[in-house]
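Novice: Quick one: the structure is below, and I'll ask about it shortly.
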Amino acid sequence: MTTQLAVDAVGVTKAFGQVRAVDDVTIQVAPGEVYGVLGPNGAGKTTFLRMLFGLIRPDAGTIRVFDKSWDSDGVGVLDGVAGFIESPGFYPYLTGRQNLEGLALLDGGARPGLVEEVLEVVDLTDRADRKVGGYSYGMRQRLGVAASLLREPRLLVLDEPANGLDPAGIRDMRALVKRLAASGLTVLLSSHNMDEVEEICDNVTIMNRGGVAYHGSITDLRAMAPDPGHLLDTNDNAGARALAADHPGIEVERAEDGLTVVGQEAADGLTVVGQEAAVAAYVADVVRSGIVLRVFTPTRTPLEALFFMLTDQEVAA
Ligand SMILES: Nc1ncnc2c1ncn2[C@@H]1O[C@H](COP(=O)(O)OP(=O)(O)O)[C@@H](O)[C@H]1O
Ligand SMILES: [Mg+2]
């Protein structure tokens, strides 16, 4: 028995002049899953999604959506597909509800009650009669999802839906995607932030400079994740560093400026990398020597560390 894939993209390539924006990318999305296309800025995520929507043509490769392709089905490939690329656009002087009603009309009218339903799903019912001009960025992104849902899609494609949102906005967007997935919708979303997607995606493709750097499940990715290192700050960092000589299993370096630490903006101090037990023994030694511990915290989550490694971005730790 074969299951029809929601998205079956094979060998997709697109160059802009010398830049191979998308280079031989193969992505398969099963119906009902939440699939993440991850990568740093410029990796090719938007270009891939624009090809899926038929906004630009691939130079090579094919994209089938629910078994339809641009070549054989033309715009019919978008039956059951909705979403937005980059940011959704709305009329700021109209209310959220008026924007949705207008869009529904343009699309040939929505069934009665649908506008209310989608407002409810994205948690905007209370704000529906306010002008979009006064909406926060997160509310606009959610209204963008609502606008997509008006088409009652089977596949929702969201290009960086959490980009530019504050932590509360990211949490709301994540909860929304989870609700949509629970209702059986297939979701394909892009992000440049591992943290945003690791909880909601089943499978991911990590893109780097147009190519595929990883392809598989979040579970397998977690198993591959390296030790992210810890940040250590004390009242005597030179003394703490000297003690590392007694602990051959670990590496202690000066932390680079602006090192981003989970839950903190940036910090000075030392980075400690090594096996958990060896690191614990070293820190115990530091404390025993009378040095005062100020900070001891993971520099980033293991998955983030892996993401940085796979996409060869600057790793501060
Ligand atoms: N229309 C375009 N013309 C020329 N270069 C482009 C165009 N669109 C994207 N690019 C280039 O393709 C690469 C991938 O861009 P993009 O798909 O927007 O990445 P992402 O969405 O992952 O940030 C970048 O180097 C970008 O500058
Ligand atoms: Mg993009």
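FYI, nothing fancy with the structure tokens labels: chains A, B, ... in order, residues from 1 per chain, ligands from 1 as they appear.
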Identify, counting only C-alpha atoms and all ligand atoms, the protein, DNA and RNA residues located within 10 Å of ligand 2, and give them as number ranges by chain.
Specialist: A: 39-50, 85-87, 159-160, 163, 190-192
Novice: Those residues with N, CA and C atoms, as a PDB file, in the first residue's frame please?
Specialist:
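The resulting file, out-v4.pdb, is reproduced below:
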```pdb
ATOM      1  N   GLY A  39      17.062  26.332   8.802  1.00  0.00           N
ATOM      2  CA  GLY A  39      18.322  26.791   8.234  1.00  0.00           C
ATOM      3  C   GLY A  39      18.555  28.240   8.576  1.00  0.00           C
ATOM      4  N   PRO A  40      19.817  28.646   8.580  1.00  0.00           N
ATOM      5  CA  PRO A  40      20.106  30.053   8.865  1.00  0.00           C
ATOM      6  C   PRO A  40      19.601  30.947   7.733  1.00  0.00           C
ATOM      7  N   ASN A  41      19.614  32.236   7.934  1.00  0.00           N
ATOM      8  CA  ASN A  41      19.189  33.160   6.893  1.00  0.00           C
ATOM      9  C   ASN A  41      20.010  32.931   5.633  1.00  0.00           C
ATOM     10  N   GLY A  42      19.332  32.904   4.505  1.00  0.00           N
ATOM     11  CA  GLY A  42      20.016  32.711   3.236  1.00  0.00           C
ATOM     12  C   GLY A  42      20.196  31.255   2.851  1.00  0.00           C
ATOM     13  N   ALA A  43      19.694  30.326   3.663  1.00  0.00           N
ATOM     14  CA  ALA A  43      19.877  28.897   3.401  1.00  0.00           C
ATOM     15  C   ALA A  43      19.083  28.416   2.188  1.00  0.00           C
ATOM     16  N   GLY A  44      18.008  29.132   1.849  1.00  0.00           N
ATOM     17  CA  GLY A  44      17.199  28.728   0.696  1.00  0.00           C
ATOM     18  C   GLY A  44      15.777  28.313   1.046  1.00  0.00           C
ATOM     19  N   LYS A  45      15.366  28.518   2.278  1.00  0.00           N
ATOM     20  CA  LYS A  45      14.046  28.083   2.734  1.00  0.00           C
ATOM     21  C   LYS A  45      12.915  28.766   1.953  1.00  0.00           C
ATOM     22  N   THR A  46      12.989  30.102   1.904  1.00  0.00           N
ATOM     23  CA  THR A  46      11.919  30.842   1.228  1.00  0.00           C
ATOM     24  C   THR A  46      11.878  30.498  -0.261  1.00  0.00           C
ATOM     25  N   THR A  47      13.048  30.369  -0.862  1.00  0.00           N
ATOM     26  CA  THR A  47      13.095  30.018  -2.283  1.00  0.00           C
ATOM     27  C   THR A  47      12.419  28.669  -2.515  1.00  0.00           C
ATOM     28  N   PHE A  48      12.682  27.708  -1.639  1.00  0.00           N
ATOM     29  CA  PHE A  48      12.036  26.396  -1.771  1.00  0.00           C
ATOM     30  C   PHE A  48      10.515  26.543  -1.659  1.00  0.00           C
ATOM     31  N   LEU A  49      10.060  27.277  -0.658  1.00  0.00           N
ATOM     32  CA  LEU A  49       8.617  27.411  -0.452  1.00  0.00           C
ATOM     33  C   LEU A  49       7.964  28.201  -1.601  1.00  0.00           C
ATOM     34  N   ARG A  50       8.693  29.165  -2.150  1.00  0.00           N
ATOM     35  CA  ARG A  50       8.144  29.912  -3.292  1.00  0.00           C
ATOM     36  C   ARG A  50       7.958  28.995  -4.495  1.00  0.00           C
ATOM     37  N   ILE A  85       4.140  33.318   2.568  1.00  0.00           N
ATOM     38  CA  ILE A  85       5.582  33.402   2.376  1.00  0.00           C
ATOM     39  C   ILE A  85       6.010  34.731   2.986  1.00  0.00           C
ATOM     40  N   GLU A  86       7.063  34.693   3.772  1.00  0.00           N
ATOM     41  CA  GLU A  86       7.525  35.876   4.497  1.00  0.00           C
ATOM     42  C   GLU A  86       6.390  36.422   5.357  1.00  0.00           C
ATOM     43  N   SER A  87       5.895  37.653   5.164  1.00  0.00           N
ATOM     44  CA  SER A  87       4.839  38.110   6.080  1.00  0.00           C
ATOM     45  C   SER A  87       3.498  38.272   5.385  1.00  0.00           C
ATOM     46  N   ASP A 159       5.997  30.257   6.216  1.00  0.00           N
ATOM     47  CA  ASP A 159       7.407  30.642   6.099  1.00  0.00           C
ATOM     48  C   ASP A 159       7.799  31.468   7.315  1.00  0.00           C
ATOM     49  N   GLU A 160       8.605  30.914   8.158  1.00  0.00           N
ATOM     50  CA  GLU A 160       9.077  31.575   9.388  1.00  0.00           C
ATOM     51  C   GLU A 160       7.938  32.236  10.175  1.00  0.00           C
ATOM     52  N   ASN A 163       9.107  34.204  13.157  1.00  0.00           N
ATOM     53  CA  ASN A 163      10.171  35.196  12.987  1.00  0.00           C
ATOM     54  C   ASN A 163       9.730  36.559  13.524  1.00  0.00           C
ATOM     55  N   SER A 190       8.913  26.812   7.999  1.00  0.00           N
ATOM     56  CA  SER A 190      10.346  27.053   7.982  1.00  0.00           C
ATOM     57  C   SER A 190      10.720  27.881   9.198  1.00  0.00           C
ATOM     58  N   SER A 191      11.983  27.790   9.565  1.00  0.00           N
ATOM     59  CA  SER A 191      12.468  28.541  10.716  1.00  0.00           C
ATOM     60  C   SER A 191      13.982  28.609  10.665  1.00  0.00           C
ATOM     61  N   HIS A 192      14.550  29.654  11.289  1.00  0.00           N
ATOM     62  CA  HIS A 192      16.011  29.672  11.412  1.00  0.00           C
ATOM     63  C   HIS A 192      16.406  29.391  12.858  1.00  0.00           C
TER      64      HIS A 192
END
```
Novice: Enumerate as a VMD selection string all residues of segment 1-159 of chain A assigned to strand (DSSP E) by DSSP on the backbone, naming them with the chain letters and numbers the document uses.
Specialist: chain A and resid 7 to 16 19 to 29 34 to 38 60 to 65 68 to 69 81 to 84 155 to 158
Novice: Which residues, written as a PyMOL selection string, have at least one atom at most 10 Å from Phe296 of chain A, with only C-alpha atoms counted and residues fewer than 4 positions away on the same chain left out?
Specialist: chain A and resi 230-234+269-272+283
Novice: Fewer than 3 positions away in the same chain doesn't count, so skip those; otherwise give me all residues within 10 Å of Glu276 of chain A, counting only C-alpha atoms, as a PyMOL selection string.
Specialist: chain A and resi 227+229+250+273+279-282
Novice: Could you check which of A:Pro112, A:Gly211, A:Gly32, A:Gly54 is closest to ligand 1, using only C-alpha atoms and all ligand atoms?
Specialist: A:Gly211
Novice: Identify which of the residues A:Ser289, A:Ala223, A:Ile200, A:Trp70 lies closest to Ala242 of chain A, counting only C-alpha atoms when measuring atom-to-atom distances.
Specialist: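 Distance minimum relative to Ala242 of chain A lands on A:Ser289.
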